[in-house]
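Source file: start.txt; contents: compact mmCIF, C-alpha atoms.
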```txt
# COMPACT_ATOMS: atom_id res chain seq x y z
CA MET B 1 97.36 132.38 116.94
CA ASP B 2 101.12 132.59 116.46
CA VAL B 3 103.09 130.27 118.64
CA ALA B 4 106.58 131.42 119.48
CA THR B 5 109.23 128.80 119.02
CA ILE B 6 112.58 128.64 120.68
CA THR B 7 115.49 127.38 118.66
CA LEU B 8 118.08 125.71 120.83
CA PRO B 9 121.60 124.71 119.81
CA PRO B 10 122.18 120.98 119.15
CA THR B 11 124.15 120.77 122.41
CA LEU B 12 123.12 122.79 125.45
CA GLU B 13 125.89 124.00 127.75
CA LEU B 14 124.98 124.78 131.36
CA LYS B 15 127.26 125.82 134.20
CA ILE B 16 126.19 123.72 137.18
CA ASP B 17 128.44 122.59 140.01
CA LEU B 18 127.85 118.87 140.49
CA THR B 19 129.83 116.24 142.31
CA ASP B 20 130.62 113.04 140.40
CA GLU B 21 127.80 111.30 142.31
CA GLN B 22 125.29 114.08 141.51
CA PHE B 23 126.32 114.03 137.85
CA PHE B 24 125.82 110.25 137.76
CA GLN B 25 122.32 110.65 139.27
CA VAL B 26 121.35 113.36 136.76
CA CYS B 27 122.33 110.98 133.95
CA GLN B 28 120.44 108.06 135.52
CA ASN B 29 117.30 110.15 136.01
CA ASN B 30 117.29 111.52 132.44
CA ARG B 31 118.13 108.56 130.23
CA ASP B 32 116.54 110.10 127.11
CA PHE B 33 119.47 112.50 126.91
CA ARG B 34 123.20 112.15 126.70
CA PHE B 35 125.25 114.14 129.18
CA GLU B 36 128.89 115.06 129.36
CA ARG B 37 130.73 117.45 131.64
CA THR B 38 133.72 119.55 130.67
CA GLU B 39 136.85 120.02 132.74
CA ALA B 40 135.49 123.47 133.68
CA GLY B 41 132.29 121.88 135.04
CA GLU B 42 129.96 122.86 132.19
CA LEU B 43 127.16 120.35 131.75
CA LEU B 44 126.61 119.39 128.10
CA ILE B 45 123.18 118.05 127.19
CA MET B 46 122.86 116.28 123.85
CA PRO B 47 119.84 114.62 122.24
CA PRO B 48 119.97 111.00 121.13
CA THR B 49 121.56 110.55 117.70
CA GLY B 50 119.56 110.10 114.53
CA GLY B 51 119.15 106.76 112.81
CA GLU B 52 122.04 107.10 110.38
CA THR B 53 124.59 108.09 113.03
CA SER B 54 123.32 105.39 115.40
CA LYS B 55 123.66 102.81 112.64
CA ARG B 56 127.26 103.86 111.98
CA ASN B 57 128.10 103.79 115.70
CA PHE B 58 126.60 100.31 115.95
CA GLU B 59 128.84 99.06 113.13
CA ILE B 60 131.94 100.33 114.93
CA VAL B 61 130.89 98.76 118.25
CA VAL B 62 130.04 95.43 116.59
CA GLN B 63 133.42 95.19 114.87
CA LEU B 64 135.26 96.18 118.07
CA GLY B 65 133.19 93.67 120.06
CA ILE B 66 133.92 90.78 117.68
CA TRP B 67 137.65 91.52 117.88
CA ASN B 68 137.48 91.81 121.67
CA LYS B 69 135.67 88.47 122.09
CA LYS B 70 138.35 86.78 119.98
CA HIS B 71 141.37 88.32 121.74
CA ASN B 72 139.98 88.88 125.27
CA LEU B 73 142.50 91.62 126.10
CA GLY B 74 140.14 94.14 127.61
CA VAL B 75 136.64 95.51 127.97
CA GLY B 76 134.71 97.44 125.30
CA PHE B 77 132.05 100.11 125.78
CA ASP B 78 129.38 101.74 123.65
CA SER B 79 128.31 105.39 123.71
CA SER B 80 126.36 104.89 126.94
CA GLY B 81 129.54 104.27 128.94
CA GLY B 82 130.72 107.23 130.99
CA PHE B 83 134.26 107.99 132.10
CA ILE B 84 135.48 110.50 134.68
CA LEU B 85 138.81 111.61 133.21
CA PRO B 86 141.79 112.58 135.39
CA ASN B 87 141.12 116.27 134.59
CA GLY B 88 137.58 115.98 136.06
CA ALA B 89 135.70 115.97 132.75
CA ALA B 90 133.01 113.32 132.30
CA ARG B 91 132.93 111.96 128.75
CA SER B 92 131.10 109.25 126.80
CA PRO B 93 132.97 108.32 123.60
CA ASP B 94 130.97 106.68 120.82
CA ALA B 95 133.08 103.53 121.31
CA SER B 96 135.91 102.85 123.72
CA TRP B 97 138.06 100.11 125.17
CA VAL B 98 140.00 99.58 128.40
CA LEU B 99 142.84 97.12 128.97
CA GLN B 100 141.73 94.14 131.10
CA GLU B 101 144.21 94.87 133.90
CA ARG B 102 142.93 98.42 134.28
CA TRP B 103 139.31 97.21 134.39
CA GLU B 104 140.13 94.57 137.01
CA ALA B 105 141.95 97.16 139.13
CA LEU B 106 138.62 98.98 139.66
CA THR B 107 136.46 98.07 142.63
CA PRO B 108 133.03 96.52 141.95
CA GLN B 109 131.50 99.85 143.07
CA GLN B 110 133.64 101.79 140.58
CA GLN B 111 132.66 99.39 137.79
CA GLN B 112 128.96 100.11 138.46
CA LYS B 113 129.27 103.88 137.95
CA PHE B 114 131.11 106.13 135.53
CA LEU B 115 134.59 104.71 135.37
CA PRO B 116 137.26 106.86 137.07
CA LEU B 117 139.77 106.58 134.24
CA CYS B 118 140.42 107.47 130.62
CA PRO B 119 139.97 104.63 128.11
CA ASP B 120 143.02 103.27 126.33
CA PHE B 121 141.20 103.60 123.00
CA VAL B 122 138.38 105.94 121.95
CA VAL B 123 136.29 106.59 118.85
CA GLU B 124 134.25 109.69 118.17
CA LEU B 125 131.98 109.69 115.13
CA CYS B 126 130.99 113.16 113.95
CA SER B 127 127.22 113.35 113.55
CA PRO B 128 125.69 116.05 111.32
CA THR B 129 125.10 118.34 114.32
CA ASP B 130 128.56 117.90 115.87
CA SER B 131 131.13 120.67 115.70
CA VAL B 132 134.31 119.23 114.21
CA LYS B 133 136.44 121.71 116.20
CA GLN B 134 134.76 120.74 119.48
CA THR B 135 135.15 117.05 118.68
CA GLN B 136 138.82 117.59 117.84
CA ALA B 137 139.27 119.31 121.20
CA LYS B 138 137.57 116.35 122.90
CA MET B 139 139.91 113.93 121.11
CA GLN B 140 142.92 115.90 122.29
CA GLU B 141 141.48 115.86 125.80
CA TYR B 142 141.34 112.06 125.71
CA ILE B 143 145.00 111.89 124.65
CA ASP B 144 146.03 114.45 127.27
CA ASN B 145 144.29 112.30 129.90
CA GLY B 146 145.95 109.01 128.95
CA ALA B 147 144.23 107.51 125.90
CA ARG B 148 146.82 105.75 123.78
CA LEU B 149 144.87 105.74 120.50
CA GLY B 150 141.86 107.65 119.24
CA TRP B 151 139.95 107.90 115.97
CA LEU B 152 137.83 110.87 114.96
CA ILE B 153 135.69 109.67 112.06
CA ASP B 154 134.13 112.43 109.96
CA THR B 155 131.83 110.66 107.51
CA LYS B 156 130.69 113.88 105.85
CA ALA B 157 134.26 114.83 104.89
CA ARG B 158 135.16 111.12 104.47
CA ARG B 159 138.18 111.69 106.64
CA VAL B 160 139.69 110.12 109.75
CA GLU B 161 141.98 111.82 112.24
CA ILE B 162 144.19 109.48 114.24
CA TYR B 163 145.31 110.64 117.68
CA ARG B 164 148.23 108.99 119.46
CA LEU B 165 150.21 109.73 122.61
CA ASN B 166 153.14 112.11 122.02
CA GLN B 167 152.54 112.32 118.26
CA ASN B 168 151.00 114.76 115.82
CA VAL B 169 147.50 114.02 114.55
CA GLU B 170 147.53 111.93 111.39
CA ILE B 171 144.83 112.68 108.80
CA LEU B 172 143.65 110.01 106.37
CA GLU B 173 141.45 110.89 103.41
CA GLN B 174 138.89 108.22 102.47
CA PRO B 175 140.59 105.28 104.20
CA ALA B 176 139.13 101.80 103.65
CA THR B 177 140.32 100.44 106.99
CA LEU B 178 141.89 101.53 110.27
CA SER B 179 144.41 99.58 112.32
CA GLY B 180 144.24 99.19 116.09
CA GLU B 181 148.04 99.21 116.02
CA ASP B 182 149.75 97.98 119.20
CA VAL B 183 146.88 99.20 121.40
CA LEU B 184 144.36 96.77 119.85
CA PRO B 185 146.65 94.17 118.24
CA GLY B 186 145.08 92.59 115.18
CA PHE B 187 142.02 94.86 115.13
CA ILE B 188 141.18 96.25 111.70
CA LEU B 189 138.06 98.42 111.42
CA ASP B 190 136.43 98.01 108.01
CA LEU B 191 135.12 101.49 107.21
CA LYS B 192 132.98 100.39 104.26
CA LEU B 193 129.79 100.20 106.31
CA VAL B 194 130.73 103.13 108.53
CA MET B 195 131.48 105.60 105.73
CA SER B 196 129.07 104.54 103.01
CA MET B 197 125.67 104.32 104.68
```
The structure given in the file should be rewritten as structure tokens.
Amino acid sequence: MDVATITLPPTLELKIDLTDEQFFQVCQNNRDFRFERTEAGELLIMPPTGGETSKRNFEIVVQLGIWNKKHNLGVGFDSSGGFILPNGAARSPDASWVLQERWEALTPQQQQKFLPLCPDFVVELCSPTDSVKQTQAKMQEYIDNGARLGWLIDTKARRVEIYRLNQNVEILEQPATLSGEDVLPGFILDLKLVMSM
């Protein structure tokens, strides 16, 4: 007996009108998936990452966390953290960071749900199934919504794109490290374990 199979794209896009509260509940009720929502209201459903990508993400979060504990200037988040951007999109960067004053300005209720702000710093790590063009558009969206620094790390191409407010994108080929510049003073991401796994 032949069994028909359905091949789905790596990321499903559905047009569903959801309030921020409904979107939060969908995410809470379906924790095996990763959800984002575009500015236009399209619901994006992504599977969990594979082992290699998860391992790379972990390395970025660990390094950011160690720096953050030492300097205590803000709050860091992993890929599970959701943000409702000023344009209405709901995004979950692979790693992100928010200045302490902005975090403390949120109410306890706001801190419990997807944060109603754009992070000051974001990292997106291209996994093998990610579209580079879509990830570039997401990076630009972060900048357009107030992020001050963003890194798009493409391990396959061994390239990093650096996004900054009011500046052109800078492209680095095979960098060994990345600087947090004035957004994350003193933070240097060692890319050895991120790029070479």
(message) Given only C-alpha atoms as the basis, pick out the residue of B:Ile162, B:Leu44, B:Met139, B:Leu149 nearest to Asp120 (chain B).
(response) B:Leu149
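Between CA of Ile60 (chain B) and CA of Gly88 (chain B) the separation is 26.9 Å.
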(message) Ranking B:Lys133, B:Trp67, B:Thr177, B:Lys113 by minimum distance to Gln22 (chain B) and counting only C-alpha atoms, which one comes first?
(response) B:Lys113
(message) Which residues are near Trp97 (chain B)? Cut-off 7 Å, only C-alpha atoms, ignore same chain within fewer than 3 positions. Put them as a PyMOL selection string.
(response) chain B and resi 74-77+119-122
For those residues, write C-alpha atoms to a file as a CSV table (one decimal), keeping the file's coordinate frame.
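Contents of out26.csv, freshly written:
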```csv
chain,number,residue,atom,x,y,z
B,74,GLY,CA,140.1,94.1,127.6
B,75,VAL,CA,136.6,95.5,128.0
B,76,GLY,CA,134.7,97.4,125.3
B,77,PHE,CA,132.0,100.1,125.8
B,119,PRO,CA,140.0,104.6,128.1
B,120,ASP,CA,143.0,103.3,126.3
B,121,PHE,CA,141.2,103.6,123.0
B,122,VAL,CA,138.4,105.9,122.0
```
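Comparing the minimum interatomic distances between Phe24 (chain B) and each of B:Met46, B:Leu85, B:Ala157, B:Leu115, counting all atoms listed in the file, we find that B:Leu115 sits nearest.
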(request) Kindly indicate which residue among B:Pro47, B:Gly150, B:Gly41, B:Pro128 lies nearest to Ala95 (chain B), using only C-alpha atoms for the distances. (result) B:Gly150
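Taking CA of Arg158 (chain B) as the reference point, CA of Glu173 (chain B) is found at 6.4 Å.
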(request) Have a look at CA of Tyr163 (chain B) and CA of Cys118 (chain B) and let me know their distance in Å, one decimal. (result) 14.2 Å
(message) Taking (125.0, 120.5, 132.6) as a centre in this file's frame and 10 Å as the limit, can you find every polymer residue with an atom that close, using only C-alpha atoms, and give them as a count of residues only?
(response) 20
Please, what is the axis-aligned box for every listed atom of region 64-78 of chain B with 4 Å on each side, as centre and edge lengths in Å to one decimal, as lines of an AutoDock Vina configuration file?
```
center_x = 135.9
center_y = 94.3
center_z = 122.8
size_x = 21.1
size_y = 23.0
size_z = 18.3
```
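Taking all atoms listed in the file into account, Ala147 (chain B) lies nearest to B:Val98 out of the set B:Glu21, B:Ser92, B:Val98, B:Pro185.
In this comparison, which uses only C-alpha atoms, the residue of B:Leu189, B:Ala176, B:Leu73, B:Ile171 approaching Glu101 (chain B) most closely is B:Leu73.
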Please identify all polymer residues within 8 Å of Ile153 (chain B), counting all atoms listed in the file, omitting same-chain residues fewer than 6 positions from it, and present them as an mmCIF file with C-alpha atoms, in the coordinates of the input.
```cif
data_model
loop_
_atom_site.group_PDB
_atom_site.id
_atom_site.type_symbol
_atom_site.label_atom_id
_atom_site.label_comp_id
_atom_site.auth_asym_id
_atom_site.auth_seq_id
_atom_site.Cartn_x
_atom_site.Cartn_y
_atom_site.Cartn_z
ATOM 1 C CA VAL B 123 136.290 106.590 118.850
ATOM 2 C CA GLU B 124 134.250 109.690 118.170
ATOM 3 C CA LEU B 125 131.980 109.690 115.130
ATOM 4 C CA CYS B 126 130.990 113.160 113.950
ATOM 5 C CA ARG B 159 138.180 111.690 106.640
ATOM 6 C CA VAL B 160 139.690 110.120 109.750
ATOM 7 C CA GLU B 161 141.980 111.820 112.240
#
```
